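Colleague: So here's final22.txt, just compact mmCIF, C-alpha atoms and all ligand atoms:
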```txt
# COMPACT_ATOMS: atom_id res chain seq x y z
CA VAL Q 140 -58.80 11.37 54.24
CA ILE Q 141 -59.20 8.06 52.40
CA ARG Q 142 -55.95 7.15 50.66
CA THR Q 143 -56.23 6.15 47.00
CA ALA Q 144 -55.24 2.50 46.50
CA ARG Q 145 -52.19 1.91 44.29
CA VAL Q 146 -52.00 -0.85 41.70
CA VAL Q 147 -48.53 -1.58 40.29
CA VAL Q 148 -47.60 -3.93 37.44
CA THR Q 149 -43.94 -4.88 37.95
CA ASP Q 150 -43.49 -6.58 34.55
CA HIS Q 151 -45.65 -8.32 31.95
CA ALA Q 152 -45.60 -10.06 28.56
CA PHE Q 153 -48.61 -8.44 26.89
CA GLU Q 154 -49.27 -5.93 24.14
CA ASN Q 155 -51.13 -3.60 26.46
CA LEU Q 156 -52.58 -3.38 29.96
CA ASP Q 157 -55.88 -1.71 29.05
CA LEU Q 158 -57.96 -4.24 30.97
CA GLU Q 159 -55.91 -3.96 34.15
CA ALA Q 160 -55.84 -0.15 33.96
CA ALA Q 161 -59.62 -0.02 33.46
CA THR Q 162 -60.17 -2.39 36.39
CA ALA Q 163 -57.97 -0.22 38.62
CA ARG Q 164 -59.86 2.90 37.51
CA GLN Q 165 -63.22 1.28 38.23
CA GLY Q 166 -61.94 0.34 41.69
CA GLY Q 167 -60.86 3.94 42.31
CA ALA Q 168 -57.17 3.05 42.32
CA GLU Q 169 -54.07 4.60 40.76
CA PHE Q 170 -52.36 2.47 38.16
CA SER Q 171 -48.74 2.29 37.03
CA ALA Q 172 -46.68 -0.24 35.09
CA PHE Q 173 -42.95 -0.99 34.96
CA GLU Q 174 -40.49 -3.41 33.38
CA CYS Q 175 -38.67 -4.53 36.51
CA VAL Q 176 -36.05 -7.25 36.35
CA GLY Q 177 -33.98 -6.95 39.54
CA GLU Q 178 -34.98 -6.82 43.20
CA ALA Q 179 -33.98 -3.19 43.89
CA GLU Q 180 -36.05 -1.74 41.04
CA THR Q 181 -38.98 -4.02 41.93
CA ALA Q 182 -38.87 -2.80 45.55
CA GLU Q 183 -38.74 0.80 44.39
CA ALA Q 184 -41.61 0.42 41.91
CA THR Q 185 -43.90 -1.34 44.38
CA PHE Q 186 -43.15 0.68 47.53
CA GLY Q 187 -46.46 1.47 49.23
CA ALA Q 188 -48.52 -0.47 46.66
CA ASP Q 189 -51.78 -2.18 47.62
CA ALA Q 190 -51.97 -4.57 44.67
CA VAL Q 191 -48.96 -5.83 42.74
CA LEU Q 192 -49.42 -7.64 39.42
CA VAL Q 193 -46.27 -9.60 38.59
CA ASN Q 194 -44.99 -11.84 35.84
CA LEU Q 195 -41.36 -12.79 36.52
CA ALA Q 196 -39.94 -10.00 38.72
CA PRO Q 197 -38.56 -11.18 42.10
CA ILE Q 198 -41.09 -10.59 44.88
CA THR Q 199 -38.66 -11.08 47.75
CA ARG Q 200 -39.08 -10.42 51.48
CA ALA Q 201 -37.61 -6.94 50.99
CA VAL Q 202 -40.11 -6.16 48.22
CA LEU Q 203 -43.04 -7.52 50.27
CA ALA Q 204 -41.96 -5.52 53.34
CA GLY Q 205 -42.39 -2.28 51.37
CA LEU Q 206 -46.03 -2.92 50.38
CA SER Q 207 -49.05 -1.39 52.12
CA PRO Q 208 -50.56 -3.32 55.02
CA GLY Q 209 -52.99 -5.97 53.72
CA ALA Q 210 -51.61 -5.79 50.19
CA VAL Q 211 -52.01 -8.52 47.59
CA VAL Q 212 -49.61 -9.89 44.97
CA ILE Q 213 -51.37 -11.35 41.92
CA ARG Q 214 -49.16 -13.42 39.64
CA TYR Q 215 -49.62 -13.58 35.87
CA GLY Q 216 -49.26 -17.35 35.88
CA THR Q 217 -49.49 -20.62 37.76
CA GLY Q 218 -46.09 -21.09 39.40
CA PHE Q 219 -45.16 -18.77 42.26
CA ASP Q 220 -41.47 -19.55 42.72
CA ASN Q 221 -40.55 -15.88 42.17
CA VAL Q 222 -42.66 -14.89 45.19
CA ASP Q 223 -41.43 -15.51 48.75
CA VAL Q 224 -44.74 -16.96 49.92
CA ALA Q 225 -43.45 -17.75 53.44
CA ALA Q 226 -42.44 -14.09 53.89
CA ALA Q 227 -45.80 -12.98 52.48
CA GLU Q 228 -47.61 -15.15 55.06
CA GLU Q 229 -45.54 -13.58 57.85
CA LEU Q 230 -46.10 -10.04 56.59
CA GLY Q 231 -49.83 -10.56 56.00
CA VAL Q 232 -49.58 -10.08 52.22
CA GLY Q 233 -51.91 -12.23 50.11
CA VAL Q 234 -50.49 -14.07 47.10
CA SER Q 235 -52.83 -15.11 44.33
CA VAL Q 236 -52.13 -17.05 41.12
CA VAL Q 237 -54.01 -18.03 37.97
CA ALA Q 238 -54.16 -21.78 37.46
CA GLY Q 239 -55.15 -23.66 34.35
CA TYR Q 240 -55.30 -20.70 31.91
CA GLY Q 241 -52.65 -22.18 29.60
CA THR Q 242 -52.66 -25.91 30.23
CA ASP Q 243 -53.22 -26.86 26.58
CA SER Q 244 -50.76 -24.28 25.37
CA VAL Q 245 -47.93 -25.56 27.61
CA ALA Q 246 -48.69 -29.20 26.76
CA ASP Q 247 -48.69 -28.31 23.03
CA HIS Q 248 -45.33 -26.63 23.48
CA ALA Q 249 -43.85 -29.62 25.31
CA LEU Q 250 -44.86 -31.81 22.34
CA ALA Q 251 -43.54 -29.25 19.84
CA LEU Q 252 -40.17 -29.30 21.61
CA LEU Q 253 -40.05 -33.08 21.86
CA LEU Q 254 -40.93 -33.47 18.17
CA ALA Q 255 -38.38 -30.83 17.18
CA LEU Q 256 -35.68 -32.87 18.93
CA LEU Q 257 -36.82 -36.26 17.66
CA ARG Q 258 -37.31 -35.15 14.06
CA ARG Q 259 -34.30 -32.77 14.24
CA VAL Q 260 -36.33 -29.93 12.78
CA PRO Q 261 -33.85 -27.17 13.76
CA PHE Q 262 -30.91 -29.15 12.27
CA TYR Q 263 -32.56 -29.49 8.86
CA ASP Q 264 -33.71 -25.90 8.94
CA ARG Q 265 -30.17 -24.66 9.66
CA ALA Q 266 -28.69 -26.97 7.01
CA ILE Q 267 -31.03 -25.74 4.26
CA ARG Q 268 -30.35 -22.13 5.11
CA ALA Q 269 -26.56 -22.63 5.30
CA ASP Q 270 -25.93 -25.26 2.58
CA GLY Q 271 -29.03 -25.32 0.39
CA TRP Q 272 -29.99 -28.94 1.12
CA CYS Q 273 -28.82 -32.09 2.95
CA GLN Q 274 -29.25 -35.86 3.13
CA PRO Q 275 -32.02 -37.23 5.37
CA GLY Q 276 -29.45 -39.10 7.46
CA ALA Q 277 -27.06 -36.14 7.74
CA PHE Q 278 -27.61 -35.79 11.47
CA GLY Q 279 -27.83 -39.44 12.40
CA PRO Q 280 -30.80 -41.77 12.77
CA LEU Q 281 -34.24 -40.33 13.34
CA ARG Q 282 -37.05 -41.76 15.34
CA GLY Q 283 -40.64 -40.91 16.00
CA LEU Q 284 -42.89 -40.88 19.00
CA SER Q 285 -44.61 -44.19 18.38
CA GLY Q 286 -43.38 -46.70 20.95
CA LEU Q 287 -41.15 -44.12 22.66
CA THR Q 288 -41.00 -44.36 26.45
CA VAL Q 289 -41.53 -40.86 27.87
CA GLY Q 290 -41.14 -40.05 31.57
CA LEU Q 291 -42.97 -37.10 33.11
CA VAL Q 292 -41.88 -35.48 36.35
CA GLY Q 293 -45.09 -34.01 37.77
CA VAL Q 294 -48.56 -34.99 36.57
CA GLY Q 295 -50.83 -32.11 37.50
CA ARG Q 296 -52.90 -30.19 34.96
CA ILE Q 297 -50.14 -29.77 32.37
CA GLY Q 298 -48.67 -33.22 32.95
CA LEU Q 299 -52.06 -34.84 32.31
CA ALA Q 300 -52.64 -32.78 29.17
CA THR Q 301 -49.17 -33.84 27.98
CA ILE Q 302 -49.98 -37.50 28.67
CA ASP Q 303 -53.09 -37.27 26.48
CA ARG Q 304 -51.02 -35.90 23.62
CA LEU Q 305 -48.29 -38.53 24.08
CA HIS Q 306 -50.86 -41.33 24.04
CA GLY Q 307 -52.24 -39.92 20.80
CA PHE Q 308 -48.79 -40.44 19.27
CA GLY Q 309 -48.49 -43.98 20.63
CA CYS Q 310 -45.96 -43.36 23.41
CA ARG Q 311 -45.57 -45.38 26.58
CA VAL Q 312 -45.78 -43.02 29.57
CA LEU Q 313 -44.03 -43.27 32.94
CA ALA Q 314 -44.56 -40.65 35.63
CA PHE Q 315 -43.00 -39.60 38.91
CA ASP Q 316 -45.17 -37.48 41.19
CA PRO Q 317 -45.05 -38.08 44.95
CA PHE Q 318 -48.29 -36.18 45.54
CA VAL Q 319 -50.51 -37.37 42.72
CA ASP Q 320 -53.75 -39.06 43.64
CA PRO Q 321 -53.86 -42.06 41.25
CA THR Q 322 -57.60 -41.46 40.69
CA ALA Q 323 -56.66 -38.07 39.17
CA LEU Q 324 -55.08 -40.04 36.31
CA GLY Q 325 -58.62 -40.86 35.21
CA GLY Q 326 -57.78 -44.35 33.98
CA ARG Q 327 -55.02 -43.13 31.65
CA PRO Q 328 -52.44 -45.87 31.04
CA VAL Q 329 -49.55 -44.37 33.01
CA GLU Q 330 -47.04 -46.23 35.11
CA LEU Q 331 -46.26 -44.36 38.34
CA VAL Q 332 -42.62 -45.02 39.20
CA SER Q 333 -39.82 -43.62 41.38
CA LEU Q 334 -37.59 -40.92 39.94
CA PRO Q 335 -34.55 -43.28 39.65
CA GLU Q 336 -36.66 -45.82 37.75
CA LEU Q 337 -38.06 -43.10 35.47
CA LEU Q 338 -34.56 -41.84 34.65
CA ARG Q 339 -33.30 -45.37 34.03
CA ARG Q 340 -36.12 -46.26 31.63
CA ALA Q 341 -37.29 -43.10 29.86
CA GLU Q 342 -36.00 -42.29 26.38
CA ALA Q 343 -37.29 -38.76 26.85
CA VAL Q 344 -38.01 -36.89 30.09
CA SER Q 345 -40.41 -33.94 30.29
CA LEU Q 346 -40.66 -31.75 33.39
CA HIS Q 347 -44.04 -30.56 34.72
CA ALA Q 348 -43.48 -30.01 38.45
CA PRO Q 349 -43.44 -26.62 40.18
CA LEU Q 350 -40.18 -25.11 41.38
CA ASP Q 351 -39.93 -25.37 45.17
CA ASP Q 352 -37.40 -26.46 47.78
CA ALA Q 353 -37.99 -30.14 46.93
CA THR Q 354 -37.69 -29.79 43.15
CA ARG Q 355 -34.86 -27.25 42.88
CA GLY Q 356 -32.04 -29.08 41.10
CA ILE Q 357 -34.08 -32.30 40.95
CA LEU Q 358 -32.07 -33.08 37.79
CA GLY Q 359 -28.49 -32.51 38.94
CA ALA Q 360 -25.31 -34.12 37.63
CA PRO Q 361 -26.02 -37.58 39.20
CA GLU Q 362 -29.59 -37.68 37.88
CA LEU Q 363 -28.56 -36.57 34.39
CA ALA Q 364 -25.84 -39.26 34.44
CA ALA Q 365 -28.51 -41.80 35.43
CA MET Q 366 -30.56 -41.01 32.31
CA ARG Q 367 -30.28 -43.39 29.35
CA PRO Q 368 -27.46 -42.64 26.91
CA GLY Q 369 -28.92 -40.54 24.11
CA ALA Q 370 -32.04 -39.64 26.11
CA LEU Q 371 -33.81 -36.34 25.47
CA LEU Q 372 -34.86 -33.71 28.00
CA VAL Q 373 -37.76 -31.28 27.59
CA ASN Q 374 -38.32 -28.52 30.15
CA THR Q 375 -41.38 -26.28 29.99
CA SER Q 376 -41.69 -26.05 33.78
CA ARG Q 377 -38.96 -24.00 35.48
CA GLY Q 378 -35.24 -23.71 34.77
CA GLY Q 379 -34.36 -24.20 38.43
CA LEU Q 380 -35.37 -27.85 38.25
CA VAL Q 381 -32.24 -28.60 36.22
CA ASP Q 382 -28.57 -27.94 36.99
CA GLU Q 383 -27.76 -26.11 33.75
CA THR Q 384 -23.99 -26.55 34.01
CA ALA Q 385 -24.40 -30.30 34.49
CA LEU Q 386 -26.89 -30.35 31.59
CA ALA Q 387 -24.48 -28.53 29.28
CA ASP Q 388 -21.78 -31.07 30.24
CA ALA Q 389 -24.09 -34.03 29.61
CA LEU Q 390 -24.98 -32.62 26.18
CA GLU Q 391 -21.45 -31.57 25.24
CA PHE Q 392 -19.89 -34.91 26.21
CA GLY Q 393 -22.57 -36.82 24.36
CA HIS Q 394 -24.34 -38.59 27.21
CA LEU Q 395 -27.68 -36.98 26.39
CA GLY Q 396 -29.07 -36.85 22.86
CA GLY Q 397 -30.58 -33.41 23.15
CA ALA Q 398 -32.47 -30.92 25.27
CA ALA Q 399 -35.32 -28.57 24.42
CA LEU Q 400 -35.77 -25.80 26.93
CA ASP Q 401 -38.38 -23.08 27.34
CA VAL Q 402 -37.26 -22.05 30.83
CA PHE Q 403 -33.89 -21.29 32.39
CA GLU Q 404 -32.24 -20.76 35.76
CA ALA Q 405 -31.81 -17.10 34.81
CA GLU Q 406 -34.05 -15.40 32.23
CA PRO Q 407 -33.12 -13.98 29.80
CA LEU Q 408 -30.63 -16.83 29.31
CA PRO Q 409 -27.19 -15.25 29.91
CA ALA Q 410 -25.29 -14.34 26.75
CA ASP Q 411 -22.36 -16.60 27.71
CA SER Q 412 -24.51 -19.67 28.47
CA ARG Q 413 -23.09 -22.78 26.76
CA LEU Q 414 -26.67 -23.82 26.04
CA ARG Q 415 -26.74 -21.10 23.38
CA THR Q 416 -23.96 -22.72 21.35
CA LEU Q 417 -24.48 -26.48 21.76
CA PRO Q 418 -25.99 -27.84 18.54
CA ASN Q 419 -28.30 -30.45 20.09
CA VAL Q 420 -30.26 -27.86 22.06
CA VAL Q 421 -33.55 -26.21 21.08
CA LEU Q 422 -34.35 -22.96 22.88
CA THR Q 423 -37.56 -20.97 23.26
CA PRO Q 424 -37.87 -17.82 25.41
CA HIS Q 425 -40.41 -18.84 28.12
CA VAL Q 426 -43.32 -18.87 25.69
CA ALA Q 427 -44.99 -22.20 26.50
CA PHE Q 428 -47.88 -20.40 28.22
CA PHE Q 429 -48.35 -18.01 25.37
CA SER Q 430 -51.06 -18.38 22.75
CA GLU Q 431 -53.81 -16.03 21.67
CA GLY Q 432 -56.44 -17.65 23.83
CA SER Q 433 -54.30 -18.34 26.87
CA ALA Q 434 -52.74 -14.86 27.09
CA ALA Q 435 -56.19 -13.23 26.87
CA LEU Q 436 -57.58 -15.58 29.52
CA LEU Q 437 -54.56 -14.94 31.76
CA GLN Q 438 -54.98 -11.17 31.56
CA ARG Q 439 -58.74 -11.39 32.06
CA SER Q 440 -58.28 -13.68 35.10
CA VAL Q 441 -55.73 -11.35 36.71
CA ALA Q 442 -57.92 -8.30 36.05
CA ASP Q 443 -60.93 -10.10 37.57
CA GLU Q 444 -58.91 -11.01 40.67
CA LEU Q 445 -57.76 -7.38 40.95
CA GLY Q 446 -61.37 -6.24 40.67
CA ARG Q 447 -62.36 -8.60 43.50
CA PHE Q 448 -59.52 -7.28 45.66
CA LEU Q 449 -60.42 -3.64 45.07
CA SER Q 450 -64.10 -4.25 45.83
CA GLY Q 451 -63.38 -6.34 48.93
CA ALA Q 452 -64.76 -9.57 47.46
CA PRO Q 453 -63.10 -12.90 48.30
CA LEU Q 454 -60.11 -13.78 46.08
CA THR Q 455 -60.22 -17.03 44.12
CA GLY Q 456 -56.54 -17.78 43.48
CA LEU Q 457 -54.93 -17.38 46.90
CA VAL Q 458 -51.97 -19.64 47.69
CA THR Q 459 -51.38 -17.94 51.05
CA GLY Q 460 -53.55 -18.86 54.00
CA ARG Q 461 -53.64 -22.52 53.06
CA SER Q 462 -51.28 -25.47 53.33
CA LEU Q 463 -48.90 -25.29 50.37
CA VAL Q 464 -48.85 -29.06 49.93
CA GLU Q 465 -52.36 -30.14 49.09
N1 LIG U 1 -43.23 -22.37 30.56
C1 LIG U 1 -44.36 -21.78 30.83
O1 LIG U 1 -44.74 -20.82 30.17
C2 LIG U 1 -45.23 -22.31 31.96
C3 LIG U 1 -46.59 -21.98 31.96
C4 LIG U 1 -47.41 -22.49 32.98
C5 LIG U 1 -46.87 -23.28 33.98
N2 LIG U 1 -45.52 -23.55 33.95
C6 LIG U 1 -44.94 -24.39 35.00
O2 LIG U 1 -45.58 -25.64 35.00
C7 LIG U 1 -45.79 -26.06 36.33
C8 LIG U 1 -46.92 -27.05 36.39
O3 LIG U 1 -48.15 -26.40 36.10
P1 LIG U 1 -49.54 -27.15 36.37
O4 LIG U 1 -50.62 -26.22 36.00
O5 LIG U 1 -49.51 -28.51 35.77
O6 LIG U 1 -49.45 -27.28 37.97
P2 LIG U 1 -50.16 -28.36 38.89
O7 LIG U 1 -50.06 -27.83 40.26
O8 LIG U 1 -51.49 -28.74 38.32
O9 LIG U 1 -49.23 -29.67 38.75
C9 LIG U 1 -47.96 -29.78 39.34
C10 LIG U 1 -47.72 -31.25 39.66
O10 LIG U 1 -46.37 -31.38 40.15
C11 LIG U 1 -46.39 -32.30 41.21
N3 LIG U 1 -45.23 -32.17 42.07
C12 LIG U 1 -45.06 -31.33 43.14
N4 LIG U 1 -43.86 -31.57 43.71
C13 LIG U 1 -43.28 -32.56 43.00
C14 LIG U 1 -42.05 -33.24 43.11
N5 LIG U 1 -41.19 -32.97 44.11
N6 LIG U 1 -41.74 -34.20 42.20
C15 LIG U 1 -42.61 -34.51 41.21
N7 LIG U 1 -43.81 -33.91 41.06
C16 LIG U 1 -44.15 -32.94 41.94
C17 LIG U 1 -47.70 -32.00 41.94
O11 LIG U 1 -48.07 -33.11 42.76
C18 LIG U 1 -48.66 -31.76 40.79
O12 LIG U 1 -49.29 -32.96 40.39
C19 LIG U 1 -46.04 -24.75 37.09
O13 LIG U 1 -45.70 -24.86 38.46
C20 LIG U 1 -45.14 -23.77 36.38
O14 LIG U 1 -43.89 -23.70 37.04
C21 LIG U 1 -44.71 -23.09 32.98
```
Let me see the file written as C-alpha cells.

Modeller:
Amino acid sequence: VIRTARVVVTDHAFENLDLEAATARQGGAEFSAFECVGEAETAEATFGADAVLVNLAPITRAVLAGLSPGAVVIRYGTGFDNVDVAAAEELGVGVSVVAGYGTDSVADHALALLLALLRRVPFYDRAIRADGWCQPGAFGPLRGLSGLTVGLVGVGRIGLATIDRLHGFGCRVLAFDPFVDPTALGGRPVELVSLPELLRRAEAVSLHAPLDDATRGILGAPELAAMRPGALLVNTSRGGLVDETALADALEFGHLGGAALDVFEAEPLPADSRLRTLPNVVLTPHVAFFSEGSAALLQRSVADELGRFLSGAPLTGLVTGRSLVE
C-alpha cells in the first residue's frame, strides 16, 4: 500500500491557501492547515507530515522528530531562525526558504519607519486626533534624511535595497557586515566599518542581518549605550537582534531618540511590553514583507517548491545540506 503524502501548513499570513491546496492535490497529497503558535500544538499538527509549510511557528527538534522520514520544511520567508536547522540536518529533514520575494517591500518599510520617526508622523497624527491641531515644533526639532548618517547592520539583498533608497534621499551610509563581499556593493558609496564605529557615528541604525547565534542580542545594553545620544533605531529584521528591555530603558531614559520596530523578541508583542506605551516608539506587526506583489510571489514560490518536492524534482531553496555561512 502506498501511503498518501501529508502536507501541513502550521501557520500563515494569507487570505487563503488555494494555491497550496491545489498543489498538494495535484501531487496526490492530503492537505491541512492550522494556526499554530506554540511548540506543542505545532508538534501535534505536523506529526507524521511529509511537507510542512511554516510562517512563524517554532519548528524545534521535537517537532522535526515527529515528521515522516525524508520530510521537508518549507518556510514562507527568507529567515529561518524559527527552524532548528542543525536538528533538521541530523534528522535528515530538508529545510527550504524563499529568498528575495520581498526585498523591495522590506526596504520600503525600513524607509517608512525611519521617515515616520524623523518627521514624527505618529506624534502629529495623535495630536490632531486628541487636540485638534498643534504647533510644528510641539515635539521638538525635526530633521530630514538629507545629510543624515545611517548605519546598516547587514548588507545582503534588503540592506542593499535600503542603501539605494537612502542614497536617493541624500544620506551618508555606513555598514557593518563581516561576510559581505565588497564587490557585492556594486560601487555604491558605502563605508564598511566595525560595529563599534557604526554605533559611534550613525544618527540612525537599521538592522538587516539574519537572526543566528552570532547576531542574537547584537544590540544589547552596552551597544545601545554606545549609540549616539538621540540616535534612532529601525528594526525590520528580527526582534532577537535587540535586547528589548535594554531598548525600552534607553528610550525611556532619553538616551535614544526613538525606535521603529516591525519585529519583536516575542510575536505578538506581549500586552505588558513597555514598548507599547513609550511615546517615541513606532510599532508595526511584522508586515515589512507584506505587499500585494510580494505576498503573491511568496505564496507562489512556496507552492512551486512544494510541487517540486511532491514530484521528486530537486528543491531550489534548501538551506540544509550546505554550509550555513556562505
Ligand atoms: N520583517 C519582515 O517582514 C522581513 C521580511 C524578510 C526578511 N526579513 C529579515 O531580513 C533578513 C535579511 O534578509 P535578506 O534577504 O537581506 O538576507 P540576505 O541573506 O541577503 O542578507 C543578510 C546579510 O546579513 C549579513 N550578516 C550575517 N551575519 C551578520 C552579522 N553577524 N553581522 C552583520 N551582518 C551579518 C550577511 O552577510 C548578509 O549580507 C532576513 O534574515 C530576515 O530575518 C524580515

Colleague: Find, counting all atoms listed in the file, the residue in Q:Ala353, Q:Val421, Q:Leu156, Q:Val344 that gets nearest to ligand LIG 1 (chain U).

Modeller: Q:Ala353

Colleague: So for ligand LIG 1 (chain U), what box centre and size do we get, axis-aligned, 3 Å extra on each of the six sides, every listed atom, Å to one decimal, as lines of an AutoDock Vina configuration file?

Modeller:
```
center_x = -46.3
center_y = -27.7
center_z = 37.1
size_x = 16.3
size_y = 19.7
size_z = 19.9
```

Colleague: Have a look at Q:His248, Q:Arg200, Q:Arg145, Q:Arg340 and name the one nearest to Q:Ala399; count all atoms listed in the file.

Modeller: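 The answer is Q:His248, which sits nearest to Q:Ala399.
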
Colleague: What is the distance, in Å and to one decimal place, between atom CA of Q:Val236 and atom CA of Q:Asn221?

Modeller: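 These two atoms are separated by 11.7 Å.
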
Colleague: Pick out the residues no farther than 7 Å from ligand LIG 1 (chain U), counting all atoms listed in the file, and list them as JSON, numbers by chain.

Modeller: {"Q": [216, 217, 218, 238, 239, 241, 242, 245, 292, 293, 294, 295, 296, 297, 298, 315, 316, 317, 318, 319, 347, 348, 349, 350, 353, 354, 375, 376, 377, 401, 402, 425, 426, 427, 428, 429]}

Colleague: Please provide the set of residues having any atom within 10 Å of stretch 251-259 of chain Q, restricted to all atoms listed in the file, with same-chain residues fewer than 6 positions apart removed, written as a list in words.

Modeller: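 So, after excluding close chain neighbours, the residues are Val245, Phe278, Gly279, Pro280, Leu281, Arg282, Gly283, Leu284, Val289, Ala343, Val344, Ser345, Leu371, Leu372, Val373, Asn374, Thr375, Gly396, Gly397, Ala398, Ala399, Leu400, Asp401, Asn419, Val420, Val421, Leu422, Thr423 and Ala427 of chain Q.
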
Colleague: How would the residues just picked look written out with C-alpha atoms as a short mmCIF file (atom, residue, chain, number, x, y, z; two decimals), in the frame of the given file?

Modeller:
```
data_model
loop_
_atom_site.label_atom_id
_atom_site.label_comp_id
_atom_site.auth_asym_id
_atom_site.auth_seq_id
_atom_site.Cartn_x
_atom_site.Cartn_y
_atom_site.Cartn_z
CA VAL Q 245 -47.93 -25.56 27.61
CA PHE Q 278 -27.61 -35.79 11.47
CA GLY Q 279 -27.83 -39.44 12.40
CA PRO Q 280 -30.80 -41.77 12.77
CA LEU Q 281 -34.24 -40.33 13.34
CA ARG Q 282 -37.05 -41.76 15.34
CA GLY Q 283 -40.64 -40.91 16.00
CA LEU Q 284 -42.89 -40.88 19.00
CA VAL Q 289 -41.53 -40.86 27.87
CA ALA Q 343 -37.29 -38.76 26.85
CA VAL Q 344 -38.01 -36.89 30.09
CA SER Q 345 -40.41 -33.94 30.29
CA LEU Q 371 -33.81 -36.34 25.47
CA LEU Q 372 -34.86 -33.71 28.00
CA VAL Q 373 -37.76 -31.28 27.59
CA ASN Q 374 -38.32 -28.52 30.15
CA THR Q 375 -41.38 -26.28 29.99
CA GLY Q 396 -29.07 -36.85 22.86
CA GLY Q 397 -30.58 -33.41 23.15
CA ALA Q 398 -32.47 -30.92 25.27
CA ALA Q 399 -35.32 -28.57 24.42
CA LEU Q 400 -35.77 -25.80 26.93
CA ASP Q 401 -38.38 -23.08 27.34
CA ASN Q 419 -28.30 -30.45 20.09
CA VAL Q 420 -30.26 -27.86 22.06
CA VAL Q 421 -33.55 -26.21 21.08
CA LEU Q 422 -34.35 -22.96 22.88
CA THR Q 423 -37.56 -20.97 23.26
CA ALA Q 427 -44.99 -22.20 26.50
#
```

Colleague: How far is it from atom CA of Q:Gly177 to atom CA of Q:Ala190, in Å with one decimal?

Modeller: 18.9 Å

Colleague: Using only C-alpha atoms, find the one residue out of Q:Ala201, Q:Ala246, Q:Ile141, Q:Ala370 that sits nearest to Q:Phe186.

Modeller: Q:Ala201

Colleague: For a cutoff of 10 Å around the file-coordinate point (-37.7, -40.8, 43.9), which residues qualify once you count only C-alpha atoms? I'd like the result as a PDB file with C-alpha atoms, in the coordinates of the input.

Modeller:
```pdb
ATOM      1  CA  PHE Q 315     -43.000 -39.600  38.910  1.00  0.00           C
ATOM      2  CA  ASP Q 316     -45.170 -37.480  41.190  1.00  0.00           C
ATOM      3  CA  PRO Q 317     -45.050 -38.080  44.950  1.00  0.00           C
ATOM      4  CA  VAL Q 332     -42.620 -45.020  39.200  1.00  0.00           C
ATOM      5  CA  SER Q 333     -39.820 -43.620  41.380  1.00  0.00           C
ATOM      6  CA  LEU Q 334     -37.590 -40.920  39.940  1.00  0.00           C
ATOM      7  CA  PRO Q 335     -34.550 -43.280  39.650  1.00  0.00           C
ATOM      8  CA  GLU Q 336     -36.660 -45.820  37.750  1.00  0.00           C
ATOM      9  CA  LEU Q 337     -38.060 -43.100  35.470  1.00  0.00           C
ATOM     10  CA  LEU Q 338     -34.560 -41.840  34.650  1.00  0.00           C
ATOM     11  CA  ILE Q 357     -34.080 -32.300  40.950  1.00  0.00           C
TER      12      ILE Q 357
END
```

Colleague: Mind pulling up the distance from atom CA of Q:Ala323 to atom CA of Q:Arg304?

Modeller: 16.7 Å

Colleague: Place a sphere of radius 7 Å on (-29.7, -26.9, 33.0) in the file coordinates and name every protein, DNA or RNA residue with an atom inside or on its surface, counting all atoms listed in the file; give the answer as number ranges by chain.

Modeller: Q: 378, 381-387

Colleague: Here is a test: counting all atoms listed in the file, which residue of Q:Gly167, Q:Pro328, Q:Gly309, Q:Gly233 is nearest to Q:Val212?

Modeller: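 The closest residue to Q:Val212 is Q:Gly233.
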
Colleague: Near Q:Thr149, counting only C-alpha atoms, which residues have an atom at most 8 Å away, once you skip same-chain residues fewer than 4 positions from it, shown as a count of residues only?

Modeller: 12
